[in-house]
file upload-v7.csv (CSV, C-alpha atoms)
chain,number,residue,atom,x,y,z
P,1,MET,CA,3.0,20.1,14.6
P,2,PRO,CA,5.9,18.5,12.8
P,3,TYR,CA,5.8,19.1,9.0
P,4,CYS,CA,8.3,18.7,6.2
P,5,VAL,CA,7.9,21.3,3.4
P,6,VAL,CA,8.3,20.0,-0.1
P,7,THR,CA,7.9,21.8,-3.5
P,8,ALA,CA,5.2,20.9,-5.9
P,9,ALA,CA,6.3,18.8,-8.9
P,10,ALA,CA,5.4,21.4,-11.5
P,11,VAL,CA,4.4,25.0,-11.6
P,12,ALA,CA,0.7,25.5,-12.3
P,13,ALA,CA,-0.3,27.6,-15.3
P,14,GLY,CA,0.0,31.3,-14.4
P,15,GLN,CA,1.6,30.6,-11.1
P,16,ALA,CA,4.8,32.6,-10.4
P,17,GLN,CA,6.3,30.3,-7.7
P,18,PRO,CA,6.1,26.5,-7.3
P,19,GLU,CA,3.5,25.7,-4.7
P,20,GLU,CA,4.9,24.5,-1.3
P,21,LEU,CA,3.3,21.4,0.2
P,22,ARG,CA,3.4,20.2,3.8
P,23,ILE,CA,4.0,16.6,4.7
P,24,PHE,CA,2.9,15.8,8.2
P,25,TYR,CA,5.0,13.2,10.1
P,26,GLN,CA,5.5,11.7,13.5
P,27,ARG,CA,8.6,10.1,15.0
P,28,TYR,CA,8.7,7.3,17.6
P,29,GLY,CA,11.6,5.8,19.6
P,30,HIS,CA,15.3,6.6,19.6
P,31,GLY,CA,18.2,4.9,18.1
P,32,SER,CA,20.8,4.7,15.3
P,33,THR,CA,18.6,2.3,13.3
P,34,LYS,CA,16.1,4.3,11.2
P,35,VAL,CA,12.9,3.0,9.8
P,36,LEU,CA,10.6,4.9,7.4
P,37,LEU,CA,7.0,3.6,7.2
P,38,VAL,CA,5.1,4.5,4.0
P,39,ILE,CA,1.3,4.0,4.3
P,40,GLY,CA,-1.1,3.1,1.5
P,41,PHE,CA,-4.1,4.5,-0.3
P,42,ALA,CA,-6.4,6.7,1.9
P,43,GLY,CA,-4.4,5.7,5.0
P,44,THR,CA,-2.8,7.9,7.6
P,45,PHE,CA,0.4,7.5,9.7
P,46,GLU,CA,-1.8,6.1,12.5
P,47,SER,CA,-2.3,2.9,10.5
P,48,TRP,CA,1.2,1.9,11.4
P,49,ALA,CA,0.5,1.8,15.1
P,50,PRO,CA,1.0,-2.0,15.6
P,51,GLN,CA,4.4,-1.8,13.8
P,52,VAL,CA,5.5,1.3,15.6
P,53,LYS,CA,4.8,-0.3,19.0
P,54,GLY,CA,6.4,-3.6,17.9
P,55,LEU,CA,9.6,-2.0,16.6
P,56,THR,CA,10.1,0.7,19.2
P,57,GLY,CA,7.9,-0.2,22.2
P,58,ALA,CA,6.6,3.4,22.0
P,59,VAL,CA,3.0,4.5,21.7
P,60,GLU,CA,3.5,8.3,22.1
P,61,PRO,CA,5.4,10.3,19.4
P,62,VAL,CA,8.6,12.1,20.1
P,63,ASP,CA,8.3,15.6,21.3
P,64,GLU,CA,10.0,17.5,18.5
P,65,GLU,CA,10.6,20.5,20.8
P,66,ALA,CA,12.2,18.5,23.6
P,67,PRO,CA,16.0,18.1,23.9
P,68,ALA,CA,17.3,15.1,22.0
P,69,ASP,CA,17.4,11.8,24.0
P,70,ASP,CA,20.5,9.8,23.1
P,71,SER,CA,20.1,7.2,25.8
P,72,GLY,CA,20.3,3.8,24.3
P,73,ALA,CA,20.7,5.3,20.8
P,74,ALA,CA,23.2,2.8,19.6
P,75,GLU,CA,20.9,-0.2,19.9
P,76,GLY,CA,17.5,1.4,19.6
P,77,ILE,CA,15.2,1.9,16.7
P,78,GLU,CA,13.7,5.3,15.6
P,79,VAL,CA,10.6,5.1,13.4
P,80,CYS,CA,9.1,7.8,11.2
P,81,CYS,CA,5.6,7.5,9.7
P,82,PHE,CA,3.8,10.2,7.8
P,83,ASP,CA,0.6,11.1,5.9
P,84,ASN,CA,1.1,11.0,2.1
P,85,ARG,CA,0.1,14.0,0.1
P,86,GLY,CA,-3.7,14.0,-0.4
P,87,MET,CA,-4.5,12.5,3.0
P,88,GLY,CA,-4.7,13.3,6.7
P,89,ARG,CA,-2.9,16.4,7.8
P,90,SER,CA,-0.6,16.7,4.7
P,91,SER,CA,-1.4,19.0,1.8
P,92,ALA,CA,-3.8,17.9,-0.9
P,93,PRO,CA,-2.9,19.5,-4.3
P,94,ALA,CA,-5.8,20.0,-6.6
P,95,GLN,CA,-4.0,18.8,-9.8
P,96,LYS,CA,-4.1,15.1,-10.4
P,97,SER,CA,-0.7,15.4,-12.1
P,98,GLN,CA,0.8,16.1,-8.6
P,99,TYR,CA,0.2,12.5,-7.6
P,100,THR,CA,2.5,9.8,-8.9
P,101,THR,CA,4.6,7.3,-7.1
P,102,VAL,CA,7.7,9.0,-8.3
P,103,ILE,CA,6.6,12.4,-6.9
P,104,MET,CA,5.5,10.7,-3.6
P,105,ALA,CA,8.8,8.9,-3.4
P,106,LYS,CA,10.5,12.3,-3.7
P,107,ASP,CA,8.3,13.4,-0.8
P,108,ALA,CA,9.7,10.5,1.3
P,109,LEU,CA,13.3,11.3,0.4
P,110,ALA,CA,12.7,15.0,1.2
P,111,LEU,CA,11.4,13.8,4.6
P,112,MET,CA,14.5,11.7,5.2
P,113,ASP,CA,16.7,14.8,4.3
P,114,HIS,CA,14.6,16.9,6.7
P,115,LEU,CA,15.2,14.4,9.5
P,116,GLY,CA,18.9,14.1,8.7
P,117,TRP,CA,18.7,10.4,7.8
P,118,ARG,CA,21.3,9.2,5.4
P,119,ARG,CA,19.9,5.7,5.2
P,120,ALA,CA,16.8,3.9,6.5
P,121,HIS,CA,14.9,0.6,6.4
P,122,VAL,CA,12.0,1.5,4.1
P,123,PHE,CA,8.7,-0.4,4.7
P,124,GLY,CA,5.6,0.3,2.6
P,125,HIS,CA,2.0,-1.0,2.6
P,126,SER,CA,-0.2,-1.3,-0.5
P,127,MET,CA,0.2,2.0,-2.4
P,128,GLY,CA,2.9,2.8,0.1
P,129,SER,CA,4.8,-0.3,-1.2
P,130,MET,CA,4.7,1.1,-4.7
P,131,ILE,CA,6.1,4.4,-3.3
P,132,ALA,CA,8.8,2.5,-1.3
P,133,SER,CA,9.9,0.5,-4.4
P,134,LYS,CA,10.1,3.7,-6.5
P,135,LEU,CA,12.2,5.3,-3.7
P,136,ALA,CA,14.5,2.2,-3.7
P,137,ALA,CA,14.9,2.4,-7.5
P,138,MET,CA,15.6,6.2,-7.5
P,139,ALA,CA,18.0,6.2,-4.5
P,140,PRO,CA,19.1,2.6,-3.6
P,141,HIS,CA,22.0,4.0,-1.6
P,142,ARG,CA,19.5,5.5,0.8
P,143,VAL,CA,17.9,2.1,1.5
P,144,ALA,CA,19.1,-0.3,4.2
P,145,SER,CA,16.4,-2.9,3.5
P,146,LEU,CA,13.0,-2.9,1.7
P,147,ALA,CA,9.8,-4.4,2.9
P,148,LEU,CA,6.7,-4.5,0.7
P,149,LEU,CA,3.4,-5.4,2.4
P,150,ASN,CA,0.3,-6.4,0.4
P,151,THR,CA,1.9,-5.0,-2.8
P,152,THR,CA,1.1,-5.1,-6.5
P,153,GLY,CA,2.8,-3.7,-9.6
P,154,GLY,CA,0.3,-0.9,-10.1
P,155,GLY,CA,-1.8,-0.3,-13.2
P,156,TYR,CA,-4.3,-3.1,-13.9
P,157,GLN,CA,-2.7,-5.1,-11.2
P,158,CYS,CA,-4.6,-2.9,-8.8
P,159,ILE,CA,-7.8,-4.5,-10.0
P,160,PRO,CA,-9.1,-6.9,-7.4
P,161,LYS,CA,-10.5,-10.3,-8.3
P,162,VAL,CA,-13.8,-9.6,-10.1
P,163,ASP,CA,-16.9,-11.0,-8.5
P,164,TRP,CA,-20.3,-9.6,-7.5
P,165,HIS,CA,-19.2,-9.1,-3.9
P,166,MET,CA,-16.2,-6.9,-5.0
P,167,ILE,CA,-18.4,-5.0,-7.5
P,168,SER,CA,-20.9,-4.3,-4.7
P,169,LEU,CA,-18.0,-3.1,-2.4
P,170,ALA,CA,-16.7,-0.8,-5.1
P,171,TYR,CA,-20.2,0.6,-5.7
P,172,ARG,CA,-20.9,1.2,-2.0
P,173,PHE,CA,-17.5,2.7,-1.5
P,174,LEU,CA,-18.1,5.4,-4.1
P,175,ARG,CA,-21.5,6.1,-2.6
P,176,ALA,CA,-20.3,6.2,1.1
P,177,ARG,CA,-20.9,9.7,2.5
P,178,THR,CA,-20.6,9.2,6.2
P,179,PRO,CA,-17.9,7.8,8.6
P,180,GLU,CA,-20.4,5.0,9.5
P,181,GLU,CA,-21.0,4.0,5.9
P,182,ARG,CA,-17.3,4.1,5.2
P,183,ALA,CA,-16.3,2.1,8.3
P,184,ILE,CA,-18.5,-0.8,7.4
P,185,LEU,CA,-16.9,-1.0,4.0
P,186,ASP,CA,-13.3,-0.6,5.2
P,187,LEU,CA,-13.7,-3.5,7.6
P,188,GLU,CA,-14.9,-5.8,4.8
P,189,VAL,CA,-11.9,-4.8,2.7
P,190,HIS,CA,-9.2,-4.8,5.3
P,191,TYR,CA,-9.9,-8.0,7.2
P,192,THR,CA,-11.0,-11.6,6.8
P,193,LYS,CA,-14.5,-12.5,7.9
P,194,GLU,CA,-13.0,-15.0,10.4
P,195,TYR,CA,-11.0,-12.3,12.1
P,196,LEU,CA,-13.9,-9.9,12.3
P,197,GLU,CA,-16.1,-12.6,13.9
P,198,GLU,CA,-13.6,-13.5,16.6
P,199,VAL,CA,-15.0,-12.8,20.1
P,200,VAL,CA,-13.0,-10.5,22.3
P,201,GLY,CA,-14.5,-10.2,25.8
P,202,THR,CA,-18.2,-9.6,25.2
P,203,SER,CA,-17.9,-8.2,21.7
P,204,THR,CA,-16.7,-9.3,18.3
P,205,ARG,CA,-13.7,-7.7,16.7
P,206,ARG,CA,-16.1,-6.3,14.0
P,207,GLN,CA,-18.0,-4.3,16.7
P,208,ILE,CA,-14.8,-3.1,18.4
P,209,LEU,CA,-13.1,-2.1,15.1
P,210,TYR,CA,-16.2,-0.4,13.8
P,211,GLN,CA,-16.2,2.0,16.7
P,212,ASP,CA,-12.5,2.7,16.3
P,213,TYR,CA,-12.9,3.3,12.5
P,214,VAL,CA,-15.9,5.6,13.0
P,215,LYS,CA,-14.0,7.5,15.6
P,216,GLY,CA,-10.9,7.9,13.4
P,217,LEU,CA,-12.9,8.9,10.3
P,218,SER,CA,-15.0,11.3,12.3
P,219,SER,CA,-12.0,13.0,13.9
P,220,GLY,CA,-9.8,13.1,10.7
P,221,GLY,CA,-12.6,13.4,8.2
P,222,LEU,CA,-13.0,11.5,4.9
P,223,GLN,CA,-10.4,11.9,2.2
P,224,SER,CA,-10.9,14.9,0.0
P,225,ARG,CA,-11.9,14.5,-3.6
P,226,HIS,CA,-8.6,15.9,-4.8
P,227,GLY,CA,-6.7,13.5,-2.5
P,228,PHE,CA,-8.8,10.5,-3.5
P,229,GLU,CA,-8.5,11.1,-7.3
P,230,GLY,CA,-4.9,12.0,-7.0
P,231,GLN,CA,-3.8,8.9,-5.0
P,232,MET,CA,-5.9,6.7,-7.3
P,233,ASN,CA,-4.0,8.2,-10.2
P,234,ALA,CA,-0.7,7.4,-8.5
P,235,CYS,CA,-1.8,3.7,-8.2
P,236,TRP,CA,-3.0,3.5,-11.8
P,237,THR,CA,0.1,5.1,-13.3
P,238,HIS,CA,2.7,3.2,-11.2
P,239,LYS,CA,5.0,0.8,-13.0
P,240,LEU,CA,8.5,-0.5,-12.4
P,241,SER,CA,10.6,-0.9,-15.5
P,242,LEU,CA,13.0,-3.8,-16.0
P,243,GLU,CA,15.9,-1.3,-15.4
P,244,GLU,CA,14.3,-0.2,-12.1
P,245,LEU,CA,13.7,-3.8,-11.0
P,246,ASP,CA,17.4,-4.6,-11.7
P,247,ARG,CA,18.5,-1.5,-9.8
P,248,ILE,CA,16.5,-2.7,-6.8
P,249,ARG,CA,17.5,-6.4,-6.8
P,250,LEU,CA,21.2,-5.7,-7.5
P,251,ALA,CA,21.5,-2.9,-4.9
P,252,GLY,CA,22.7,-5.3,-2.2
P,253,PHE,CA,20.0,-4.8,0.4
P,254,LEU,CA,17.5,-7.4,1.7
P,255,ILE,CA,13.9,-7.4,0.4
P,256,LEU,CA,10.9,-8.8,2.2
P,257,ILE,CA,7.5,-9.2,0.6
P,258,ILE,CA,4.6,-9.9,3.1
P,259,HIS,CA,1.2,-10.7,1.8
P,260,GLY,CA,-2.2,-11.9,3.2
P,261,ARG,CA,-3.5,-14.9,1.4
P,262,ASP,CA,-7.1,-13.6,1.6
P,263,ASP,CA,-6.3,-10.1,0.4
P,264,VAL,CA,-9.3,-9.0,-1.7
P,265,VAL,CA,-7.6,-5.8,-2.9
P,266,ALA,CA,-4.0,-6.8,-3.8
P,267,GLN,CA,-3.9,-10.2,-5.3
P,268,LEU,CA,-1.3,-12.6,-4.0
P,269,TYR,CA,-0.4,-13.7,-7.5
P,270,HIS,CA,1.1,-10.3,-8.3
P,271,ALA,CA,3.1,-10.2,-5.1
P,272,LYS,CA,4.6,-13.6,-6.0
P,273,ARG,CA,5.5,-12.4,-9.5
P,274,LEU,CA,7.2,-9.4,-8.0
P,275,ALA,CA,9.2,-11.5,-5.6
P,276,GLU,CA,10.4,-13.7,-8.4
P,277,LYS,CA,11.6,-10.6,-10.4
P,278,LEU,CA,13.5,-9.4,-7.3
P,279,GLN,CA,15.5,-12.6,-6.9
P,280,PRO,CA,18.0,-13.3,-5.4
P,281,ALA,CA,17.4,-10.6,-2.8
P,282,ALA,CA,13.7,-11.2,-2.0
P,283,LYS,CA,12.0,-13.3,0.6
P,284,LEU,CA,8.2,-14.0,0.4
P,285,VAL,CA,6.1,-14.5,3.5
P,286,GLU,CA,2.5,-15.5,3.1
P,287,LEU,CA,0.2,-15.2,6.1
P,288,HIS,CA,-3.5,-16.0,6.7
P,289,GLY,CA,-5.0,-12.5,6.6
P,290,GLY,CA,-6.6,-9.8,4.5
P,291,HIS,CA,-5.3,-6.5,3.1
P,292,LEU,CA,-4.3,-5.2,6.5
P,293,VAL,CA,-2.4,-8.3,7.4
P,294,SER,CA,-0.1,-6.0,9.4
P,295,HIS,CA,-3.0,-5.6,11.9
P,296,GLU,CA,-4.5,-9.0,11.6
P,297,ARG,CA,-1.2,-10.9,12.0
P,298,THR,CA,0.7,-8.2,13.9
P,299,ALA,CA,3.1,-10.6,15.8
P,300,GLU,CA,4.1,-12.5,12.7
P,301,VAL,CA,4.6,-9.3,10.6
P,302,ASN,CA,6.6,-7.5,13.3
P,303,MET,CA,8.8,-10.6,13.8
P,304,SER,CA,9.5,-10.8,10.1
P,305,LEU,CA,10.4,-7.1,9.9
P,306,MET,CA,12.7,-7.4,13.0
P,307,GLU,CA,14.3,-10.4,11.4
P,308,MET,CA,15.2,-8.5,8.3
P,309,ILE,CA,16.6,-5.5,10.3
P,310,LYS,CA,18.8,-7.9,12.2
P,311,ALA,CA,19.9,-9.8,9.1
P,312,SER,CA,20.7,-6.5,7.4
P,313,LYS,CA,22.9,-5.5,10.3
P,314,SER,CA,24.8,-8.8,10.2
P,315,ASN,CA,25.3,-8.5,6.4
P,316,ALA,CA,23.4,-11.7,5.7
P,317,ASP,CA,24.0,-13.3,2.3
P,318,LEU,CA,21.2,-12.5,-0.2
P,319,GLU,CA,20.8,-16.1,-1.4
P,320,GLU,CA,20.6,-17.4,2.1
P,321,TRP,CA,18.0,-14.7,2.9
P,322,SER,CA,15.7,-15.6,0.0
P,323,ASN,CA,13.3,-18.5,0.4
P,324,LEU,CA,12.3,-18.6,-3.3
P,325,PRO,CA,13.4,-21.5,-5.6
P,326,LYS,CA,16.6,-20.7,-7.4
P,327,LYS,CA,16.2,-20.2,-11.1
P,328,SER,CA,17.9,-22.8,-13.3
P,329,ASN,CA,20.2,-22.2,-16.3
P,330,GLY,CA,20.8,-18.6,-15.3
P,331,LEU,CA,17.5,-17.5,-16.6
P,332,THR,CA,16.0,-14.3,-15.2
P,333,LEU,CA,12.9,-12.3,-15.8
P,334,SER,CA,15.0,-9.1,-16.1
P,335,GLY,CA,16.5,-8.0,-19.4
P,336,SER,CA,20.0,-7.0,-18.3
P,337,THR,CA,21.3,-10.4,-17.0
P,338,GLY,CA,21.1,-14.0,-17.9
P,339,CYS,CA,21.1,-15.7,-21.3
P,340,LEU,CA,18.1,-16.5,-23.4
P,341,GLY,CA,18.1,-18.1,-26.7
P,342,LYS,CA,16.0,-16.7,-29.5
P,343,ARG,CA,13.4,-19.4,-29.0
P,344,ASP,CA,13.2,-18.6,-25.3
P,345,ASN,CA,13.0,-14.9,-26.0
P,346,ASP,CA,10.1,-15.5,-28.4
P,347,SER,CA,8.3,-17.6,-25.8
P,348,VAL,CA,8.8,-15.1,-23.1
P,349,ASN,CA,7.6,-12.2,-25.3
P,350,HIS,CA,4.5,-14.2,-26.2
P,351,LEU,CA,3.8,-15.0,-22.6
P,352,ILE,CA,4.2,-11.3,-21.6
P,353,LEU,CA,1.9,-10.2,-24.5
P,354,THR,CA,-0.7,-12.8,-23.5
P,355,TYR,CA,-0.5,-11.7,-19.8
P,356,ASN,CA,-0.9,-8.1,-20.7
P,357,LEU,CA,-3.9,-8.8,-22.9
P,358,LEU,CA,-5.6,-10.8,-20.2
P,359,GLY,CA,-5.0,-7.9,-17.8
P,360,GLN,CA,-6.6,-5.5,-20.2
P,361,LEU,CA,-9.6,-7.9,-20.7
P,362,HIS,CA,-9.9,-8.1,-16.9
P,363,LEU,CA,-10.1,-4.3,-16.7
P,364,ILE,CA,-12.8,-4.2,-19.5
P,365,LEU,CA,-14.9,-6.9,-17.8
P,366,LEU,CA,-14.7,-5.1,-14.5
P,367,PHE,CA,-15.9,-1.9,-16.1
P,368,VAL,CA,-18.8,-3.7,-18.0
P,369,PHE,CA,-20.0,-5.6,-14.9
P,370,GLY,CA,-19.7,-2.4,-12.9
P,371,VAL,CA,-21.8,-0.5,-15.4
P,372,ILE,CA,-24.4,-3.2,-15.5
P,373,TYR,CA,-24.6,-3.4,-11.7
P,374,VAL,CA,-25.1,0.4,-11.4
P,375,ILE,CA,-27.8,0.3,-14.1
P,376,LEU,CA,-29.6,-2.5,-12.3
P,377,GLU,CA,-29.3,-0.8,-9.0
P,378,GLN,CA,-30.7,2.5,-10.3
P,379,ALA,CA,-33.5,0.7,-12.1
P,380,ARG,CA,-34.5,-1.1,-8.9
P,381,ARG,CA,-34.6,2.2,-7.1
P,382,VAL,CA,-36.8,3.7,-9.8
P,383,VAL,CA,-39.2,0.8,-9.7
P,384,ARG,CA,-39.5,1.0,-5.9
P,385,ILE,CA,-40.2,4.8,-6.1
P,386,LEU,CA,-42.8,4.5,-8.9
P,387,LYS,CA,-44.5,1.4,-7.6
P,388,PRO,CA,-48.0,2.4,-6.5
P,389,VAL,CA,-49.1,1.9,-2.9
P,390,LYS,CA,-52.6,0.9,-2.2
P,391,SER,CA,-54.5,2.9,0.3
P,392,ASN,CA,-56.7,1.3,2.9
call {"tool": "encode", "arguments": {"input": "upload-v7.csv", "output": "structure tokens"}}
result
Amino acid sequence: MPYCVVTAAAVAAGQAQPEELRIFYQRYGHGSTKVLLVIGFAGTFESWAPQVKGLTGAVEPVDEEAPADDSGAAEGIEVCCFDNRGMGRSSAPAQKSQYTTVIMAKDALALMDHLGWRRAHVFGHSMGSMIASKLAAMAPHRVASLALLNTTGGGYQCIPKVDWHMISLAYRFLRARTPEERAILDLEVHYTKEYLEEVVGTSTRRQILYQDYVKGLSSGGLQSRHGFEGQMNACWTHKLSLEELDRIRLAGFLILIIHGRDDVVAQLYHAKRLAEKLQPAAKLVELHGGHLVSHERTAEVNMSLMEMIKASKSNADLEEWSNLPKKSNGLTLSGSTGCLGKRDNDSVNHLILTYNLLGQLHLILLFVFGVIYVILEQARRVVRILKPVKSN
């Protein structure tokens, strides 16, 4: 099996040598255009199947032991997708400190080195978009273009919209112990209800996808506790500084942000805010779909990705690429460019402080409602167990 060996971020206490971790990957297609696909939380490389087929036309991975096939290499596309540390066939370190978006971005860069790729178009989904953006900030010269699908800024922005349905989903997710239980929840999280209820042949998409999800979870197994807690830590600790945002938006490559309007995991509002911060290089594409909009609206997503690859090759102008309103008076959200008067600075700082406070309040309310829900659920179970049953 194809693996890339990386070194653990830190030496554990009492350990003489840094631990070596293995990152499992698969390559598809052949060509001079390189595309690195970074999957999200609890996902495997297989989740990129619709994009792999759309970009390369291939459904089977490259045989790593076969002689190199350079036919059509000049105009073709070669794609690499992989399992992040903590999931699938890649190593799952036990220490939570081994999981940050910086460390996982270094894994991706090590994989590019392993493949001999100098530059690549880097596309990330959900947590994978956080990793991709960190990679772009750390090594902008390695990025040909950047696509962020269903993205957020990490931290409290990972908190979904608080309602009873979402709290119920979170509670059932934590209690899921079998592939069947997990598959039901994943479908509700990944897709819109309308999409799941569409009839295909004699079955609904929900029935078809349920079988596929159960099969995939049964063969690959549920995510390990170390992997789950570690990748969750990576999401919660992710943040892009103003300097990192400037480094990305001023690097000269095109940026594409694709988001599903009905995403219950990553809120569209945060994706819009990120797109504004990455002006003038960013284009925002909103599609009707859920968190896996790359599956639900495959044709539109693939068309947008191919459009960016072609635009990058033709050296498209950044401002012509962006579809966002231009900012007036030279004002920007980044600290290194633009001119802000003292009054404007005070207003911006006040707005940022208020926004951060609201974010923290959102987190507290989610925790409180979650605790209340768990207590009520446990109380209901106790009452049901203790309720006397009359004998005939």
call {"tool": "residues_near_point", "arguments": {"input": "upload-v7.csv", "point": "(-6.0, -12.0, 2.4)", "cutoff": "12 Å", "atoms": "all atoms listed in the file", "output": "count of residues only"}}
result
38
call {"tool": "atom_distance", "arguments": {"input": "upload-v7.csv", "atom1": "atom CA of P:Leu146", "atom2": "atom CA of P:Ile257"}}
result
8.4 Å
call {"tool": "closest_residue", "arguments": {"input": "upload-v7.csv", "among": "P:Ala132, P:Met303, P:Ala144, P:Ile103", "to": "P:Thr7", "atoms": "all atoms listed in the file"}}
result
P:Ile103
call {"tool": "atom_distance", "arguments": {"input": "upload-v7.csv", "atom1": "atom CA of P:Phe253", "atom2": "atom CA of P:Lys134"}}
result
14.8 Å
call {"tool": "residues_around", "arguments": {"input": "upload-v7.csv", "residues": "P:Asp107", "least_positions_apart": "5", "cutoff": "9 Å", "atoms": "only C-alpha atoms", "output": "NGL selection string"}}
result
:P and (4-7 or 23 or 84-85 or 102 or 112)
call {"tool": "atom_distance", "arguments": {"input": "upload-v7.csv", "atom1": "atom CA of P:Asn315", "atom2": "atom CA of P:Arg27"}}
result
26.4 Å
call {"tool": "residues_around", "arguments": {"input": "upload-v7.csv", "residues": "P:Phe24", "least_positions_apart": "2", "cutoff": "8 Å", "atoms": "only C-alpha atoms", "output": "PyMOL selection string"}}
result
chain P and resi 1-4+22+26+82-84+89-90
call {"tool": "closest_residue", "arguments": {"input": "upload-v7.csv", "among": "P:Met232, P:Leu115, P:Val301, P:Met138", "to": "P:Tyr156", "atoms": "all atoms listed in the file"}}
result
P:Met232
call {"tool": "closest_residue", "arguments": {"input": "upload-v7.csv", "among": "P:Leu256, P:Ile309, P:Ala147, P:Ala66", "to": "P:His125", "atoms": "only C-alpha atoms"}}
result
P:Ala147
call {"tool": "residues_near_point", "arguments": {"input": "upload-v7.csv", "point": "(14.8, 0.8, 20.8)", "cutoff": "12 Å", "atoms": "all atoms listed in the file", "output": "number ranges by chain"}}
result
P: 28-35, 52-58, 69-79, 306
call {"tool": "residues_around", "arguments": {"input": "upload-v7.csv", "residues": "P:Pro93", "least_positions_apart": "4", "cutoff": "9 Å", "atoms": "all atoms listed in the file", "output": "count of residues only"}}
result
10
call {"tool": "closest_residue", "arguments": {"input": "upload-v7.csv", "among": "P:Pro18, P:Gly216, P:Pro61, P:Gly252", "to": "P:Gly88", "atoms": "only C-alpha atoms"}}
result
P:Gly216
call {"tool": "closest_residue", "arguments": {"input": "upload-v7.csv", "among": "P:Ser145, P:Thr152, P:Thr44, P:Thr237", "to": "P:Ala281", "atoms": "only C-alpha atoms"}}
result
P:Ser145
call {"tool": "closest_residue", "arguments": {"input": "upload-v7.csv", "among": "P:Glu320, P:Leu284, P:Tyr213, P:His141", "to": "P:Leu250", "atoms": "all atoms listed in the file"}}
result
P:His141
call {"tool": "build_atoms", "arguments": {"input": "upload-v7.csv", "residues": "stretch 313-324 of chain P", "atoms": "N, CA, C and O atoms", "output": "PDB file, keeping the file's coordinate frame"}}
result
ATOM      1  N   LYS P 313      21.820  -5.929   9.484  1.00  0.00           N
ATOM      2  CA  LYS P 313      22.900  -5.500  10.300  1.00  0.00           C
ATOM      3  C   LYS P 313      24.090  -6.489  10.295  1.00  0.00           C
ATOM      4  O   LYS P 313      25.263  -6.110  10.398  1.00  0.00           O
ATOM      5  N   SER P 314      23.749  -7.767  10.172  1.00  0.00           N
ATOM      6  CA  SER P 314      24.800  -8.800  10.200  1.00  0.00           C
ATOM      7  C   SER P 314      25.281  -9.122   8.758  1.00  0.00           C
ATOM      8  O   SER P 314      26.023 -10.095   8.564  1.00  0.00           O
ATOM      9  N   ASN P 315      24.831  -8.311   7.788  1.00  0.00           N
ATOM     10  CA  ASN P 315      25.300  -8.500   6.400  1.00  0.00           C
ATOM     11  C   ASN P 315      24.978  -9.895   5.877  1.00  0.00           C
ATOM     12  O   ASN P 315      25.858 -10.564   5.311  1.00  0.00           O
ATOM     13  N   ALA P 316      23.763 -10.347   6.087  1.00  0.00           N
ATOM     14  CA  ALA P 316      23.400 -11.700   5.700  1.00  0.00           C
ATOM     15  C   ALA P 316      23.487 -11.821   4.143  1.00  0.00           C
ATOM     16  O   ALA P 316      23.261 -10.870   3.387  1.00  0.00           O
ATOM     17  N   ASP P 317      23.857 -13.007   3.703  1.00  0.00           N
ATOM     18  CA  ASP P 317      24.000 -13.300   2.300  1.00  0.00           C
ATOM     19  C   ASP P 317      22.602 -13.266   1.628  1.00  0.00           C
ATOM     20  O   ASP P 317      21.633 -13.799   2.171  1.00  0.00           O
ATOM     21  N   LEU P 318      22.511 -12.647   0.456  1.00  0.00           N
ATOM     22  CA  LEU P 318      21.200 -12.500  -0.200  1.00  0.00           C
ATOM     23  C   LEU P 318      20.571 -13.839  -0.529  1.00  0.00           C
ATOM     24  O   LEU P 318      19.374 -14.038  -0.312  1.00  0.00           O
ATOM     25  N   GLU P 319      21.359 -14.771  -1.057  1.00  0.00           N
ATOM     26  CA  GLU P 319      20.800 -16.100  -1.400  1.00  0.00           C
ATOM     27  C   GLU P 319      20.362 -16.875  -0.234  1.00  0.00           C
ATOM     28  O   GLU P 319      19.409 -17.647  -0.311  1.00  0.00           O
ATOM     29  N   GLU P 320      21.059 -16.702   0.888  1.00  0.00           N
ATOM     30  CA  GLU P 320      20.600 -17.400   2.100  1.00  0.00           C
ATOM     31  C   GLU P 320      19.368 -16.734   2.672  1.00  0.00           C
ATOM     32  O   GLU P 320      18.552 -17.409   3.299  1.00  0.00           O
ATOM     33  N   TRP P 321      19.209 -15.441   2.429  1.00  0.00           N
ATOM     34  CA  TRP P 321      18.000 -14.700   2.900  1.00  0.00           C
ATOM     35  C   TRP P 321      16.769 -15.168   2.129  1.00  0.00           C
ATOM     36  O   TRP P 321      15.718 -15.405   2.699  1.00  0.00           O
ATOM     37  N   SER P 322      16.888 -15.289   0.833  1.00  0.00           N
ATOM     38  CA  SER P 322      15.700 -15.600   0.000  1.00  0.00           C
ATOM     39  C   SER P 322      15.235 -17.017   0.259  1.00  0.00           C
ATOM     40  O   SER P 322      16.009 -17.946   0.474  1.00  0.00           O
ATOM     41  N   ASN P 323      13.916 -17.174   0.259  1.00  0.00           N
ATOM     42  CA  ASN P 323      13.300 -18.500   0.400  1.00  0.00           C
ATOM     43  C   ASN P 323      12.635 -18.967  -0.869  1.00  0.00           C
ATOM     44  O   ASN P 323      11.863 -19.916  -0.868  1.00  0.00           O
ATOM     45  N   LEU P 324      12.940 -18.285  -1.983  1.00  0.00           N
ATOM     46  CA  LEU P 324      12.300 -18.600  -3.300  1.00  0.00           C
ATOM     47  C   LEU P 324      13.227 -19.645  -3.987  1.00  0.00           C
ATOM     48  O   LEU P 324      14.450 -19.648  -3.827  1.00  0.00           O
TER      49      LEU P 324
END
